[in-house]
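Peer 1: Take a look at the following structure, please.
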Amino acid sequence: MQEPLCLDGTHYAYAFRPGHGSGRHRWVLHLQGGAWCATESECLSRRGTGMGTSSDWGYFHEPAGILSDEEAINPDMHNWNVVFLPYCDGSSFLSDRSAPLVLNGTAVYMRGR
């Protein structure tokens, strides 16, 4: 199996925050949603956005909701281990093309699996 890539060919990455105290053996695995690309042109247009590249992933630095480590915001799971799996492949982590599609002269990678 080849390494997973985002639509623009950047390397896939995830974020991990270790749990502590009573939450050190509990886990939140968050697969970010994003909806599939319905057409090749839609994947091409998504390629350079936050839903198609890992080059601008900085938003996990201020997690919210069930990903928050603040007890006042997330009283039940604030101290759990958290794995955040961003969405950038256009196919719900299912694609595994060995070569990119070339659309209008631009490579679009379909390797999120």
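In the structure tokens, chains take letters A, B, ... by order of appearance, with residues numbered from 1 within each chain and ligands from 1 in the order shown.
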Within 8 Å of Arg97 (chain A), counting only C-alpha atoms, which residues qualify if same-chain residues fewer than 6 places away don't, as a PyMOL selection string?
Peer 2: chain A and resi 109-111
Peer 1: Let's have the selection written as an mmCIF file, in the first residue's frame, with N, CA and C atoms.
Peer 2:
data_model
loop_
_atom_site.group_PDB
_atom_site.id
_atom_site.type_symbol
_atom_site.label_atom_id
_atom_site.label_comp_id
_atom_site.auth_asym_id
_atom_site.auth_seq_id
_atom_site.Cartn_x
_atom_site.Cartn_y
_atom_site.Cartn_z
ATOM 1 N N TYR A 109 -4.269 13.975 -6.566
ATOM 2 C CA TYR A 109 -3.981 12.678 -5.971
ATOM 3 C C TYR A 109 -5.219 12.121 -5.282
ATOM 4 N N MET A 110 -5.425 10.844 -5.457
ATOM 5 C CA MET A 110 -6.562 10.155 -4.850
ATOM 6 C C MET A 110 -6.011 8.989 -4.033
ATOM 7 N N ARG A 111 -5.326 9.332 -2.925
ATOM 8 C CA ARG A 111 -4.685 8.302 -2.115
ATOM 9 C C ARG A 111 -4.911 8.555 -0.631
#
Peer 1: Taking 5 positions as the minimum chain separation for residues in the same chain, which residues sit within 12 Å of Pro100 (chain A) when counting only C-alpha atoms? Answer as a compact mmCIF listing (two decimals) with N, CA and C atoms, in the first residue's frame.
Peer 2:
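Result file follows (result-v3.txt):
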# COMPACT_ATOMS: atom_id res chain seq x y z
N LEU A 5 -1.99 10.44 0.67
CA LEU A 5 -1.71 11.82 0.27
C LEU A 5 -3.00 12.61 0.21
N CYS A 6 -2.88 13.91 0.38
CA CYS A 6 -4.01 14.80 0.18
C CYS A 6 -4.19 15.04 -1.33
N LEU A 7 -5.28 15.68 -1.71
CA LEU A 7 -5.57 15.91 -3.12
C LEU A 7 -4.44 16.61 -3.86
N ASP A 8 -3.72 17.50 -3.19
CA ASP A 8 -2.64 18.24 -3.85
C ASP A 8 -1.29 17.53 -3.77
N GLY A 9 -1.25 16.33 -3.20
CA GLY A 9 -0.01 15.56 -3.11
C GLY A 9 0.77 15.78 -1.83
N GLU A 40 -14.68 15.04 -10.86
CA GLU A 40 -13.25 15.33 -10.94
C GLU A 40 -12.98 16.83 -10.80
N CYS A 43 -13.02 17.86 -7.20
CA CYS A 43 -11.77 17.49 -6.52
C CYS A 43 -10.67 18.47 -6.89
N LEU A 44 -10.61 18.87 -8.15
CA LEU A 44 -9.61 19.83 -8.60
C LEU A 44 -9.78 21.16 -7.87
N ASP A 89 -8.69 14.03 1.33
CA ASP A 89 -8.51 13.17 0.16
C ASP A 89 -9.70 13.14 -0.79
N SER A 95 -9.72 6.15 -1.13
CA SER A 95 -9.06 6.04 -2.43
C SER A 95 -7.65 5.49 -2.31
N GLY A 105 -4.05 19.92 -16.69
CA GLY A 105 -2.62 20.05 -16.47
C GLY A 105 -2.19 20.02 -15.02
N THR A 106 -3.11 19.75 -14.11
CA THR A 106 -2.81 19.74 -12.68
C THR A 106 -3.01 18.35 -12.10
N ALA A 107 -2.04 17.86 -11.33
CA ALA A 107 -2.13 16.55 -10.70
C ALA A 107 -3.07 16.60 -9.51
N VAL A 108 -3.99 15.65 -9.45
CA VAL A 108 -4.91 15.50 -8.32
C VAL A 108 -4.73 14.08 -7.80
N TYR A 109 -4.27 13.97 -6.57
CA TYR A 109 -3.98 12.68 -5.97
C TYR A 109 -5.22 12.12 -5.28
N MET A 110 -5.43 10.84 -5.46
CA MET A 110 -6.56 10.16 -4.85
C MET A 110 -6.01 8.99 -4.03
N ARG A 111 -5.33 9.33 -2.93
CA ARG A 111 -4.68 8.30 -2.11
C ARG A 111 -4.91 8.56 -0.63
N GLY A 112 -6.13 8.53 -0.19
CA GLY A 112 -6.42 8.78 1.21
C GLY A 112 -6.49 7.54 2.06
Peer 1: Quote the spacing between CA of Val83 (chain A) and CA of Ala15 (chain A) in Å to one decimal place.
Peer 2: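 Between CA of Val83 (chain A) and CA of Ala15 (chain A) the gap is 5.7 Å.
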